[in-house]
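Text of final.pdb, listed as PDB, C-alpha atoms and all ligand atoms:
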```pdb
MODEL        1
ATOM      1  CA  MET V   1      93.697 110.279  90.553  1.00  0.00           C
ATOM      2  CA  TYR V   2      90.954 109.751  93.072  1.00  0.00           C
ATOM      3  CA  ALA V   3      87.558 111.159  92.107  1.00  0.00           C
ATOM      4  CA  VAL V   4      87.577 113.411  95.161  1.00  0.00           C
ATOM      5  CA  THR V   5      90.820 114.995  93.911  1.00  0.00           C
ATOM      6  CA  HIS V   6      89.395 115.543  90.415  1.00  0.00           C
ATOM      7  CA  PHE V   7      86.174 116.902  91.898  1.00  0.00           C
ATOM      8  CA  SER V   8      87.913 119.298  94.303  1.00  0.00           C
ATOM      9  CA  VAL V   9      90.164 120.762  91.618  1.00  0.00           C
ATOM     10  CA  GLY V  10      87.327 120.997  89.071  1.00  0.00           C
ATOM     11  CA  LEU V  11      85.142 122.662  91.706  1.00  0.00           C
ATOM     12  CA  MET V  12      87.770 125.291  92.476  1.00  0.00           C
ATOM     13  CA  LEU V  13      88.449 125.951  88.787  1.00  0.00           C
ATOM     14  CA  GLY V  14      84.754 126.191  87.943  1.00  0.00           C
ATOM     15  CA  GLN V  15      84.102 128.495  90.864  1.00  0.00           C
ATOM     16  CA  ALA V  16      87.045 130.684  89.811  1.00  0.00           C
ATOM     17  CA  VAL V  17      85.985 131.029  86.160  1.00  0.00           C
ATOM     18  CA  GLY V  18      82.321 131.647  87.071  1.00  0.00           C
ATOM     19  CA  ASN V  19      80.981 130.603  83.660  1.00  0.00           C
ATOM     20  CA  PRO V  20      79.215 127.219  83.347  1.00  0.00           C
ATOM     21  CA  TYR V  21      80.556 126.468  79.857  1.00  0.00           C
ATOM     22  CA  VAL V  22      84.130 127.388  80.703  1.00  0.00           C
ATOM     23  CA  ALA V  23      83.731 125.498  83.979  1.00  0.00           C
ATOM     24  CA  CYS V  24      82.822 122.302  82.091  1.00  0.00           C
ATOM     25  CA  ALA V  25      85.799 122.709  79.757  1.00  0.00           C
ATOM     26  CA  SER V  26      88.159 123.424  82.656  1.00  0.00           C
ATOM     27  CA  GLY V  27      86.873 120.372  84.535  1.00  0.00           C
ATOM     28  CA  LEU V  28      87.610 118.084  81.576  1.00  0.00           C
ATOM     29  CA  ILE V  29      91.005 119.659  80.854  1.00  0.00           C
ATOM     30  CA  SER V  30      91.967 119.512  84.530  1.00  0.00           C
ATOM     31  CA  HIS V  31      91.275 115.755  84.460  1.00  0.00           C
ATOM     32  CA  ILE V  32      93.963 115.271  81.799  1.00  0.00           C
ATOM     33  CA  VAL V  33      96.467 117.499  83.623  1.00  0.00           C
ATOM     34  CA  LEU V  34      95.841 115.784  86.979  1.00  0.00           C
ATOM     35  CA  ASP V  35      96.117 112.306  85.458  1.00  0.00           C
ATOM     36  CA  SER V  36      99.582 113.227  84.138  1.00  0.00           C
ATOM     37  CA  ILE V  37     100.844 113.987  87.668  1.00  0.00           C
ATOM     38  CA  PRO V  38     102.300 110.858  89.320  1.00  0.00           C
ATOM     39  CA  HIS V  39      99.631 109.494  91.683  1.00  0.00           C
ATOM     40  CA  SER V  40      98.162 106.301  93.087  1.00  0.00           C
ATOM     41  CA  ASP V  41      94.863 104.799  91.990  1.00  0.00           C
ATOM     42  CA  TYR V  42      92.815 101.976  93.452  1.00  0.00           C
ATOM     43  CA  GLY V  43      91.225  98.885  91.979  1.00  0.00           C
ATOM     44  CA  LYS V  44      88.587  97.712  94.430  1.00  0.00           C
ATOM     45  CA  THR V  45      84.890  98.535  94.219  1.00  0.00           C
ATOM     46  CA  ALA V  46      84.674  99.347  97.950  1.00  0.00           C
ATOM     47  CA  GLN V  47      87.404 101.976  97.549  1.00  0.00           C
ATOM     48  CA  GLY V  48      85.448 103.479  94.666  1.00  0.00           C
ATOM     49  CA  VAL V  49      82.316 103.668  96.821  1.00  0.00           C
ATOM     50  CA  LEU V  50      84.289 105.460  99.562  1.00  0.00           C
ATOM     51  CA  ASP V  51      85.785 107.817  96.968  1.00  0.00           C
ATOM     52  CA  PHE V  52      82.307 108.628  95.636  1.00  0.00           C
ATOM     53  CA  ALA V  53      81.069 109.242  99.180  1.00  0.00           C
ATOM     54  CA  ALA V  54      83.983 111.657  99.632  1.00  0.00           C
ATOM     55  CA  VAL V  55      82.913 113.468  96.431  1.00  0.00           C
ATOM     56  CA  LEU V  56      79.355 113.822  97.745  1.00  0.00           C
ATOM     57  CA  THR V  57      80.689 115.090 101.081  1.00  0.00           C
ATOM     58  CA  VAL V  58      82.854 117.735  99.386  1.00  0.00           C
ATOM     59  CA  ALA V  59      79.909 118.713  97.163  1.00  0.00           C
ATOM     60  CA  CYS V  60      77.604 119.136 100.176  1.00  0.00           C
ATOM     61  CA  ILE V  61      80.208 121.214 102.036  1.00  0.00           C
ATOM     62  CA  ALA V  62      80.791 123.334  98.930  1.00  0.00           C
ATOM     63  CA  ILE V  63      77.062 123.957  98.478  1.00  0.00           C
ATOM     64  CA  ARG V  64      76.733 124.950 102.149  1.00  0.00           C
ATOM     65  CA  GLN V  65      79.685 127.309 101.666  1.00  0.00           C
ATOM     66  CA  GLY V  66      77.955 128.948  98.703  1.00  0.00           C
ATOM     67  CA  ALA V  67      79.460 127.178  95.680  1.00  0.00           C
ATOM     68  CA  GLY V  68      77.592 128.092  92.527  1.00  0.00           C
ATOM     69  CA  LEU V  69      76.537 126.205  89.415  1.00  0.00           C
ATOM     70  CA  SER V  70      79.880 126.812  87.703  1.00  0.00           C
ATOM     71  CA  GLY V  71      81.824 125.331  90.604  1.00  0.00           C
ATOM     72  CA  LEU V  72      79.631 122.243  90.770  1.00  0.00           C
ATOM     73  CA  LEU V  73      79.729 121.749  86.983  1.00  0.00           C
ATOM     74  CA  GLY V  74      83.525 122.069  87.057  1.00  0.00           C
ATOM     75  CA  GLY V  75      83.668 119.446  89.787  1.00  0.00           C
ATOM     76  CA  PHE V  76      81.330 116.982  88.108  1.00  0.00           C
ATOM     77  CA  THR V  77      82.921 117.312  84.653  1.00  0.00           C
ATOM     78  CA  GLY V  78      86.254 116.832  86.428  1.00  0.00           C
ATOM     79  CA  ILE V  79      85.196 113.341  87.521  1.00  0.00           C
ATOM     80  CA  LEU V  80      83.100 112.494  84.449  1.00  0.00           C
ATOM     81  CA  PRO V  81      85.946 110.823  82.446  1.00  0.00           C
ATOM     82  CA  ASP V  82      86.487 108.305  85.252  1.00  0.00           C
ATOM     83  CA  LEU V  83      82.964 107.007  84.677  1.00  0.00           C
ATOM     84  CA  GLU V  84      84.370 104.919  81.802  1.00  0.00           C
ATOM     85  CA  VAL V  85      86.972 103.468  84.185  1.00  0.00           C
ATOM     86  CA  ALA V  86      84.275 102.598  86.749  1.00  0.00           C
ATOM     87  CA  ILE V  87      82.045 101.000  84.087  1.00  0.00           C
ATOM     88  CA  ALA V  88      84.967  98.978  82.682  1.00  0.00           C
ATOM     89  CA  HIS V  89      85.887  97.828  86.201  1.00  0.00           C
ATOM     90  CA  LEU V  90      82.320  96.746  86.988  1.00  0.00           C
ATOM     91  CA  ARG V  91      81.985  94.947  83.636  1.00  0.00           C
ATOM     92  CA  MET V  92      85.305  93.147  84.159  1.00  0.00           C
ATOM     93  CA  THR V  93      84.212  92.093  87.650  1.00  0.00           C
ATOM     94  CA  LYS V  94      80.880  90.852  86.323  1.00  0.00           C
ATOM     95  CA  GLU V  95      82.509  89.003  83.422  1.00  0.00           C
ATOM     96  CA  LYS V  96      85.221  87.654  85.773  1.00  0.00           C
ATOM     97  CA  GLY V  97      88.043  89.544  84.027  1.00  0.00           C
ATOM     98  CA  MET V  98      87.542  87.784  80.690  1.00  0.00           C
ATOM     99  CA  HIS V  99      87.872  90.952  78.600  1.00  0.00           C
ATOM    100  CA  LYS V 100      89.993  94.046  78.872  1.00  0.00           C
ATOM    101  CA  HIS V 101      87.704  96.950  78.026  1.00  0.00           C
ATOM    102  CA  ARG V 102      89.050  99.704  75.830  1.00  0.00           C
ATOM    103  CA  LEU V 103      89.180 103.144  77.443  1.00  0.00           C
ATOM    104  CA  ARG V 104      88.744 106.208  75.247  1.00  0.00           C
ATOM    105  CA  PHE V 105      89.573 109.308  77.309  1.00  0.00           C
ATOM    106  CA  PRO V 106      93.091 110.491  76.281  1.00  0.00           C
ATOM    107  CA  SER V 107      94.665 110.105  79.747  1.00  0.00           C
ATOM    108  CA  HIS V 108      93.117 106.617  80.116  1.00  0.00           C
ATOM    109  CA  SER V 109      93.711 105.244  76.614  1.00  0.00           C
ATOM    110  CA  GLY V 110      97.476 105.817  76.671  1.00  0.00           C
ATOM    111  CA  LEU V 111      97.356 108.745  74.229  1.00  0.00           C
ATOM    112  CA  ILE V 112      98.481 111.075  77.042  1.00  0.00           C
ATOM    113  CA  ARG V 113     100.818 109.863  79.763  1.00  0.00           C
ATOM    114  CA  HIS V 114      99.100 108.646  82.971  1.00  0.00           C
ATOM    115  CA  GLY V 115     101.378 109.210  85.969  1.00  0.00           C
ATOM    116  CA  ARG V 116     101.665 106.448  88.563  1.00  0.00           C
ATOM    117  CA  LEU V 117     103.122 106.453  92.065  1.00  0.00           C
ATOM    118  CA  ARG V 118     102.709 104.050  94.976  1.00  0.00           C
ATOM    119  CA  VAL V 119     100.957 104.812  98.257  1.00  0.00           C
ATOM    120  CA  PRO V 120     101.711 106.868 100.331  1.00  0.00           C
ATOM    121  CA  TRP V 121     103.524 109.158  97.867  1.00  0.00           C
ATOM    122  CA  GLY V 122     100.754 108.787  95.318  1.00  0.00           C
ATOM    123  CA  VAL V 123      98.285 110.080  97.893  1.00  0.00           C
ATOM    124  CA  ALA V 124     100.654 112.855  98.997  1.00  0.00           C
ATOM    125  CA  THR V 125     100.874 114.197  95.420  1.00  0.00           C
ATOM    126  CA  GLN V 126      97.070 114.398  95.307  1.00  0.00           C
ATOM    127  CA  ILE V 127      96.829 116.257  98.610  1.00  0.00           C
ATOM    128  CA  ALA V 128      99.621 118.602  97.491  1.00  0.00           C
ATOM    129  CA  THR V 129      97.873 119.202  94.154  1.00  0.00           C
ATOM    130  CA  VAL V 130      94.593 120.162  95.830  1.00  0.00           C
ATOM    131  CA  PHE V 131      96.457 122.434  98.255  1.00  0.00           C
ATOM    132  CA  VAL V 132      98.419 124.183  95.462  1.00  0.00           C
ATOM    133  CA  VAL V 133      95.259 124.764  93.392  1.00  0.00           C
ATOM    134  CA  TRP V 134      93.478 126.075  96.497  1.00  0.00           C
ATOM    135  CA  ALA V 135      96.397 128.408  97.333  1.00  0.00           C
ATOM    136  CA  VAL V 136      96.482 129.786  93.780  1.00  0.00           C
ATOM    137  CA  LEU V 137      92.716 130.187  93.323  1.00  0.00           C
ATOM    138  CA  ARG V 138      91.396 130.975  96.814  1.00  0.00           C
ATOM    139  CA  ASP V 139      91.275 134.715  96.164  1.00  0.00           C
ATOM    140  CA  ALA V 140      89.319 134.176  92.935  1.00  0.00           C
ATOM    141  CA  TRP V 141      86.085 133.203  94.716  1.00  0.00           C
ATOM    142  CA  LEU V 142      86.318 135.212  97.940  1.00  0.00           C
TER     143      LEU V 142
HETATM  144 ZN    ZN M 201      91.108 109.559  85.029  1.00  0.00          ZN
ENDMDL
END
```
In structure tokens, what does this structure look like?
Amino acid sequence: MYAVTHFSVGLMLGQAVGNPYVACASGLISHIVLDSIPHSDYGKTAQGVLDFAAVLTVACIAIRQGAGLSGLLGGFTGILPDLEVAIAHLRMTKEKGMHKHRLRFPSHSGLIRHGRLRVPWGVATQIATVFVVWAVLRDAWL
């Protein structure tokens, strides 16, 4: 899933649990669950830069709205596993696709199923996922 989706869900989970340690665990676990939902991904560096800018935008809005440490830790640990994907992509680009880099996170390595769906449905599932998590958890941080 897009980093902004992982971040938004991790942020809401972390904010709901209110404990930094549990927030980190929930961010990582949510990454696996979200990756199993059929979704679209992207493969261009420019799209990754836009996605990261969207993460920073959501983080700034969340901070202005009073998000605490647990929420932010949940969000950042939610996107942390995709760092290996970004590094592998940049290394492949630099090495002109000579090597396929091995990914280790369970939902990236093939150990746990990684759902795939074409645009626009793969984007719609991400929007729906964020909305469902928001609808379920919104009372937890009000
Ligand atoms: Zn991932």
**Request:** Output the neighbourhood of ligand ZN 201 (chain M) as a ChimeraX atom specification, that is, all protein and nucleic acid residues with some atom at most 8 Å from the ligand, counting all atoms listed in the file.
**Result:** /V:1,31-32,35,79,81-82,85,105,107-108
**Message:** Given the point (86.7, 97.3, 89.3) in the coordinates of this file, which residues lie within 7 Å, counting all atoms listed in the file, and how would they look as a PyMOL selection string?
**Reply:** chain V and resi 43-45+86+89-90+92-93
Output of the above residues as a tab-separated table (two decimals), in the frame of the given file, restricted to C-alpha atoms:
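Dumped everything to selection.tsv:
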```
chain	number	residue	atom	x	y	z
V	43	GLY	CA	91.22	98.88	91.98
V	44	LYS	CA	88.59	97.71	94.43
V	45	THR	CA	84.89	98.54	94.22
V	86	ALA	CA	84.28	102.60	86.75
V	89	HIS	CA	85.89	97.83	86.20
V	90	LEU	CA	82.32	96.75	86.99
V	92	MET	CA	85.30	93.15	84.16
V	93	THR	CA	84.21	92.09	87.65
```
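Ranking V:Leu73, V:Val17, V:Ala140, V:Ile87 by their shortest atom-to-atom distance to V:Gly48, with all atoms listed in the file included, puts V:Ile87 first.
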**Asked** Could you work out how far atom CA of V:Leu28 lies from atom CA of V:Leu72, giving the answer in Å with one decimal?
**Response** 12.9 Å
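For the structure shown here, the set of residues caught by the PyMOL selection byres (((chain V and resi 3-9) around 7) and not hetatm) is Met1, Tyr2, Gly10, Leu11, Met12, Leu13, His31, Asp51, Phe52, Ala54, Val55, Gly75, Phe76, Gly78, Ile79, Gln126, Val130 and Val133 of chain V.
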Requested write-out: C-alpha atoms of the selected residues, as a tab-separated table (two decimals), keeping the file's coordinate frame:
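New file out-v4.tsv:
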```tsv
chain	number	residue	atom	x	y	z
V	1	MET	CA	93.70	110.28	90.55
V	2	TYR	CA	90.95	109.75	93.07
V	10	GLY	CA	87.33	121.00	89.07
V	11	LEU	CA	85.14	122.66	91.71
V	12	MET	CA	87.77	125.29	92.48
V	13	LEU	CA	88.45	125.95	88.79
V	31	HIS	CA	91.28	115.76	84.46
V	51	ASP	CA	85.78	107.82	96.97
V	52	PHE	CA	82.31	108.63	95.64
V	54	ALA	CA	83.98	111.66	99.63
V	55	VAL	CA	82.91	113.47	96.43
V	75	GLY	CA	83.67	119.45	89.79
V	76	PHE	CA	81.33	116.98	88.11
V	78	GLY	CA	86.25	116.83	86.43
V	79	ILE	CA	85.20	113.34	87.52
V	126	GLN	CA	97.07	114.40	95.31
V	130	VAL	CA	94.59	120.16	95.83
V	133	VAL	CA	95.26	124.76	93.39
```
**Fill in**
Among V:Gln65, V:Thr77, V:Gln15, V:Ser40, V:Arg118 is approached most closely, using only C-alpha atoms, by V:Ser40
Give me the box for stretch 62-75 of chain V as lines of an AutoDock Vina configuration file, namely the centre and edge lengths in Å to one decimal of a box along x, y and z that holds every listed atom plus 6 Å on each side.
```
center_x = 80.1
center_y = 124.2
center_z = 94.6
size_x = 19.1
size_y = 21.5
size_z = 27.2
```
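Considering the residues V:Cys60, V:Ile37, V:Ala124, V:Ala88 and counting all atoms listed in the file, V:His101 has its shortest atom-to-atom contact with V:Ala88.
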